[in-house]
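Participant: Quick one: structure below, then a few questions.
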Amino acid sequence: MLGSWNLGKFAGIEVRIHWTFLLLPMWIYFSSLVAGSGAAAASVAVLLILAIFGCVVLHEYGHALTARLFGIPTKDITLLPIGGVARLERMPRSPLQELAIAVAGPAVNVVIAFALFVGLALPAVGALLPAAVVGFLSKLAWVNVALVVFNMLPAFPMDGGRVLRASLALFMPYATATRAAARVGQIAAIGFAILGLFNGNPMLVLLAAFVFLAAKGEAMMVAREQGAEAATGSDAYRPQSDPRAAYQPPAPMRSLPVVSAAWNARNVLGWLSSDSIDEFLVSSRGVVIAIVRKSDLADVVRSGMGTLSMERLLSNRSLPFHDVRRGAPA
């Protein structure tokens, strides 16, 4: 993910921290000082946040290691101010496998909370640990309970939303189940935003924006995979006289980046800069319309057309692309 730093690799999976994450402990610390809590209490509040995010990392490893059991690798785990993200190479099309992966994360928090509650209930632990430490661990235990409850809300793309999608996919097509779960997630996001605005909670508003956009992104990702599969099944990828139009078919189910046709070329190229895959998909109103090469897009940006939208570049044929709708290069 752009703007993130590598903290190390554990169990073969990179753990990264996004630069915006650093704003959270700073905000917690200075908010505590403004509230008159004092430097010591503010430092403890920051330590609690860091401990919570340690639990979040374990939560994401629950997803990642369960996915590995089904042969699905994880690109990395990234910490953001609103939580963690385990970037799986793909989600399984088996509803039961997706259900297992989705539940694995909250299950880790259940184990952490249970271990803390049991440990704190032991008389020897209470006698050995200072009251402040017991209070700290008790808060951490209850936060893990809250993480389970929050993550299991049926609001896509949270774990509860994935559970909802997997459950719906048992009875309907996967794409239909994804759209339904995404709508539920976006409705929940609007509710979070309204609640955050009325309560003056900027973190809740930020979370609402993330949920809304991520739900839309998941629906677009499924749409792009379907478009790639449809393109693979056609005979449109025949060699052309123009070498830039001579595409090779993407492998079935290959995860290609997807961008909106409304974005300008320079922004798209910057967003794709960390992706090693040369091809990407362009989506308009949630429907994949074209497959484009990043190298061709770079040529267009270098020629001075970086401010033009992808839609305009495709419509005036300034950018070579494969038309998914017509099944032919353009």
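Starting from 1 in every chain, residues are counted up; chains themselves are A, B, ... following the order of the structure tokens, and ligands are numbered from 1 as listed.
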Please produce, as CSV, a per-residue contact table for stretch 122-196 of chain A versus stretch 75-95 of chain A (criterion: any atom at most 12 Å away, only C-alpha atoms considered), showing the nearest atom pair and its distance in Å to one decimal, sorted by chain then residue number.
Facilitator:
residue,atom,partner,partner_atom,distance
A:Leu147,CA,A:Gly83,CA,10.1
A:Phe150,CA,A:Gly83,CA,11.6
A:Asn151,CA,A:Gly83,CA,10.5
A:Pro157,CA,A:Val85,CA,10.6
A:Met158,CA,A:Val85,CA,10.1
A:Asp159,CA,A:Val85,CA,11.2
A:Arg162,CA,A:Pro95,CA,9.5
A:Val163,CA,A:Pro95,CA,8.7
A:Leu164,CA,A:Pro95,CA,10.0
A:Arg165,CA,A:Pro95,CA,8.0
A:Ala166,CA,A:Pro95,CA,4.5
A:Ser167,CA,A:Pro95,CA,6.8
A:Leu168,CA,A:Pro95,CA,8.5
A:Ala169,CA,A:Pro95,CA,6.0
A:Leu170,CA,A:Pro95,CA,6.3
A:Phe171,CA,A:Pro95,CA,9.9
A:Met172,CA,A:Pro95,CA,10.6
A:Pro173,CA,A:Arg93,CA,10.1
A:Tyr174,CA,A:Arg93,CA,7.4
A:Ala175,CA,A:Arg93,CA,10.1
A:Ala177,CA,A:Pro95,CA,10.3
A:Thr178,CA,A:Arg93,CA,11.2
Participant: Using only C-alpha atoms for the distances, tell me which of A:Gly200, A:Gly105, A:Gly191, A:Gly217 is nearest to A:Cys55.
Facilitator: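 The closest residue to A:Cys55 is A:Gly105.
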Participant: Can you pull out the residues contacting A:Ile289? Cut-off 7 Å, using only C-alpha atoms, and skip same-chain residues under 4 positions away; I want them as a short mmCIF file (atom, residue, chain, number, x, y, z; two decimals) with N, CA, C and O atoms, in the first residue's frame.
Facilitator:
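New file selection_17.cif:
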data_model
loop_
_atom_site.label_atom_id
_atom_site.label_comp_id
_atom_site.auth_asym_id
_atom_site.auth_seq_id
_atom_site.Cartn_x
_atom_site.Cartn_y
_atom_site.Cartn_z
N VAL A 282 -10.56 -0.85 -16.16
CA VAL A 282 -11.25 0.43 -15.99
C VAL A 282 -12.73 0.15 -15.83
O VAL A 282 -13.32 -0.60 -16.61
N SER A 283 -13.32 0.76 -14.81
CA SER A 283 -14.73 0.52 -14.50
C SER A 283 -15.51 1.81 -14.59
O SER A 283 -15.04 2.87 -14.18
N SER A 284 -16.69 1.72 -15.16
CA SER A 284 -17.60 2.87 -15.24
C SER A 284 -18.95 2.46 -14.67
O SER A 284 -19.55 1.49 -15.13
N ASP A 323 -11.47 -3.57 -25.34
CA ASP A 323 -12.87 -3.29 -25.02
C ASP A 323 -13.54 -4.58 -24.55
O ASP A 323 -13.83 -5.47 -25.35
N VAL A 324 -13.77 -4.68 -23.25
CA VAL A 324 -14.38 -5.88 -22.68
C VAL A 324 -15.80 -6.06 -23.19
O VAL A 324 -16.27 -7.17 -23.42
N ARG A 325 -16.51 -4.95 -23.40
CA ARG A 325 -17.91 -5.04 -23.83
C ARG A 325 -18.04 -5.59 -25.23
O ARG A 325 -18.92 -6.39 -25.53
#
Participant: Calculate how many Å separate atom CA of A:Asp299 from atom CA of A:Glu279, rounding to one decimal.
Facilitator: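 About the pair atom CA of A:Asp299 and atom CA of A:Glu279: they are 14.0 Å apart.
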Participant: Rank A:Val288, A:Val301, A:Leu308, A:Leu48 by their smallest atom-to-atom distance to A:Trp142, using only C-alpha atoms, and report the top residue only.
Facilitator: A:Leu48
Participant: Hey, what's within 9 Å of stretch 290-297 of chain A if we count only C-alpha atoms and toss same-chain stuff fewer than 6 positions away? As a PyMOL selection string, please?
Facilitator: chain A and resi 227-228+244+247+265-266+268-269+272-273+277-283+306+314+319-325
Participant: Could the residues in this selection be written to a file with C-alpha atoms, as a CSV table (one decimal), in the first residue's frame?
Facilitator:
chain,number,residue,atom,x,y,z
A,227,GLY,CA,-14.9,-9.0,-16.8
A,228,ALA,CA,-11.5,-10.6,-16.9
A,244,ARG,CA,0.7,-2.0,-28.2
A,247,TYR,CA,-2.6,-8.2,-25.5
A,265,ALA,CA,-4.5,9.4,-16.1
A,266,ARG,CA,-1.8,10.9,-13.8
A,268,VAL,CA,-4.3,6.4,-12.0
A,269,LEU,CA,-0.6,5.9,-12.9
A,272,LEU,CA,-0.7,1.8,-9.8
A,273,SER,CA,2.9,2.7,-9.2
A,277,ILE,CA,1.1,-6.1,-12.8
A,278,ASP,CA,1.2,-4.3,-16.2
A,279,GLU,CA,-2.5,-4.6,-17.0
A,280,PHE,CA,-5.4,-3.0,-15.1
A,281,LEU,CA,-9.2,-2.7,-15.5
A,282,VAL,CA,-11.2,0.4,-16.0
A,283,SER,CA,-14.7,0.5,-14.5
A,306,GLY,CA,-2.1,13.2,-17.7
A,314,LEU,CA,-10.7,5.8,-24.1
A,319,LEU,CA,-5.1,5.2,-25.1
A,320,PRO,CA,-4.9,1.7,-26.5
A,321,PHE,CA,-7.2,-0.7,-24.7
A,322,HIS,CA,-9.1,-3.9,-24.9
A,323,ASP,CA,-12.9,-3.3,-25.0
A,324,VAL,CA,-14.4,-5.9,-22.7
A,325,ARG,CA,-17.9,-5.0,-23.8
Participant: Please determine, counting only C-alpha atoms, which residue among A:His63, A:Arg312, A:Arg179, A:Arg16 has the shortest atom-to-atom distance to A:Asn264.
Facilitator: A:Arg312
Participant: In terms of the shortest atom-to-atom distance over only C-alpha atoms, which of A:Ile187, A:Val34, A:Val148, A:Ala193 is closest to A:Ile112?
Facilitator: A:Val148
Participant: Enter the distance from atom CA of A:Ala51 to atom CA of A:Ala208, in Å, rounded to one decimal.
Facilitator: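 Pair atom CA of A:Ala51 / atom CA of A:Ala208 returns 23.4 Å.
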Participant: Give me the residues near A:Asn6 as a list in words, where near means some atom within 8 Å (using only C-alpha atoms) and where sequence neighbours in that chain fewer than 6 positions away do not count.
Facilitator: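 Skipping anything fewer than 6 positions along the chain leaves Glu14, Val15, Arg16 and Ile17 of chain A.
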Participant: Rank nothing, just name the residue among A:Ala113, A:Val259, A:Arg302, A:Ala132 nearest to A:Ala41, using only C-alpha atoms.
Facilitator: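 Among A:Ala113, A:Val259, A:Arg302, A:Ala132, it is A:Ala132 that comes nearest to A:Ala41.
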Participant: If you count only C-alpha atoms, which residues fall within 10 Å of A:Gln186, apart from same-chain ones fewer than 3 positions away, as a list in words?
Facilitator: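 My list of contacting residues is Ala155, Phe156, Pro157, Ala181, Ala182, Arg183, Ala189, Ile190, Gly191, Phe192, Ala208, Ala209, Phe210, Val211, Phe212, Leu213, Ala214, Ala215 and Lys216 of chain A.
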Participant: Please give the complete set of residues from stretch 247-325 of chain A that DSSP, run on the backbone, assigns to strand (DSSP E or B), formatted as a list of chain:residue names.
Facilitator: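 Reading the DSSP output for stretch 247-325 of chain A, strand (DSSP E or B) covers A:Val258, A:Val259, A:Ser260, A:Asn264, A:Glu279, A:Phe280, A:Leu281, A:Val282, A:Ser283, A:Ser284, A:Val287, A:Val288, A:Ile289, A:Ala290, A:Ile291, A:Val292, A:Arg293, A:Ser309, A:His322, A:Asp323.
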Participant: Limited to N, CA, C and O atoms, could you put the picked residues into a file as a tab-separated table (two decimals), in the first residue's frame?
Facilitator:
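The new file again10.tsv reads:
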chain	number	residue	atom	x	y	z
A	258	VAL	N	-8.30	-2.27	-10.36
A	258	VAL	CA	-9.41	-1.65	-11.05
A	258	VAL	C	-9.44	-0.16	-10.71
A	258	VAL	O	-9.18	0.22	-9.57
A	259	VAL	N	-9.69	0.67	-11.70
A	259	VAL	CA	-9.75	2.12	-11.50
A	259	VAL	C	-11.05	2.64	-12.09
A	259	VAL	O	-11.65	2.02	-12.96
A	260	SER	N	-11.45	3.79	-11.62
A	260	SER	CA	-12.66	4.42	-12.13
A	260	SER	C	-12.36	5.19	-13.41
A	260	SER	O	-11.31	5.83	-13.53
A	264	ASN	N	-8.29	10.85	-13.49
A	264	ASN	CA	-7.41	11.28	-14.57
A	264	ASN	C	-6.20	10.36	-14.67
A	264	ASN	O	-5.88	9.60	-13.74
A	279	GLU	N	-1.16	-4.87	-16.57
A	279	GLU	CA	-2.53	-4.61	-17.00
A	279	GLU	C	-3.42	-4.21	-15.83
A	279	GLU	O	-3.18	-4.62	-14.69
A	280	PHE	N	-4.42	-3.39	-16.11
A	280	PHE	CA	-5.41	-3.05	-15.10
A	280	PHE	C	-6.75	-2.86	-15.79
A	280	PHE	O	-6.84	-2.79	-17.03
A	281	LEU	N	-7.80	-2.81	-15.00
A	281	LEU	CA	-9.16	-2.70	-15.54
A	281	LEU	C	-9.76	-1.33	-15.24
A	281	LEU	O	-9.47	-0.73	-14.19
A	282	VAL	N	-10.56	-0.85	-16.16
A	282	VAL	CA	-11.25	0.43	-15.99
A	282	VAL	C	-12.73	0.15	-15.83
A	282	VAL	O	-13.32	-0.60	-16.61
A	283	SER	N	-13.32	0.76	-14.81
A	283	SER	CA	-14.73	0.52	-14.50
A	283	SER	C	-15.51	1.81	-14.59
A	283	SER	O	-15.04	2.87	-14.18
A	284	SER	N	-16.69	1.72	-15.16
A	284	SER	CA	-17.60	2.87	-15.24
A	284	SER	C	-18.95	2.46	-14.67
A	284	SER	O	-19.55	1.49	-15.13
A	287	VAL	N	-19.26	-1.18	-13.72
A	287	VAL	CA	-19.14	-2.20	-14.77
A	287	VAL	C	-17.77	-2.06	-15.44
A	287	VAL	O	-17.36	-0.97	-15.82
A	288	VAL	N	-17.06	-3.19	-15.55
A	288	VAL	CA	-15.76	-3.17	-16.21
A	288	VAL	C	-15.95	-2.94	-17.71
A	288	VAL	O	-16.74	-3.63	-18.35
A	289	ILE	N	-15.25	-1.94	-18.24
A	289	ILE	CA	-15.42	-1.60	-19.65
A	289	ILE	C	-14.15	-1.81	-20.48
A	289	ILE	O	-14.23	-1.94	-21.70
A	290	ALA	N	-12.99	-1.87	-19.83
A	290	ALA	CA	-11.76	-1.95	-20.63
A	290	ALA	C	-10.61	-2.53	-19.82
A	290	ALA	O	-10.58	-2.42	-18.59
A	291	ILE	N	-9.68	-3.14	-20.54
A	291	ILE	CA	-8.40	-3.58	-19.98
A	291	ILE	C	-7.31	-2.74	-20.63
A	291	ILE	O	-7.27	-2.61	-21.86
A	292	VAL	N	-6.45	-2.14	-19.80
A	292	VAL	CA	-5.43	-1.20	-20.29
A	292	VAL	C	-4.08	-1.63	-19.74
A	292	VAL	O	-3.98	-2.17	-18.64
A	293	ARG	N	-3.03	-1.36	-20.52
A	293	ARG	CA	-1.67	-1.60	-20.06
A	293	ARG	C	-1.13	-0.37	-19.34
A	293	ARG	O	-1.29	0.76	-19.82
A	309	SER	N	-9.29	12.54	-18.17
A	309	SER	CA	-9.89	11.39	-17.50
A	309	SER	C	-9.70	10.13	-18.34
A	309	SER	O	-9.52	10.20	-19.56
A	322	HIS	N	-8.28	-2.79	-24.47
A	322	HIS	CA	-9.11	-3.92	-24.90
A	322	HIS	C	-10.53	-3.65	-24.42
A	322	HIS	O	-10.78	-3.49	-23.23
A	323	ASP	N	-11.47	-3.57	-25.34
A	323	ASP	CA	-12.87	-3.29	-25.02
A	323	ASP	C	-13.54	-4.58	-24.55
A	323	ASP	O	-13.83	-5.47	-25.35
Participant: If you measure from atom CA of A:His59 to atom CA of A:Val103, what distance in Å do you get, rounded to one decimal?
Facilitator: 10.0 Å
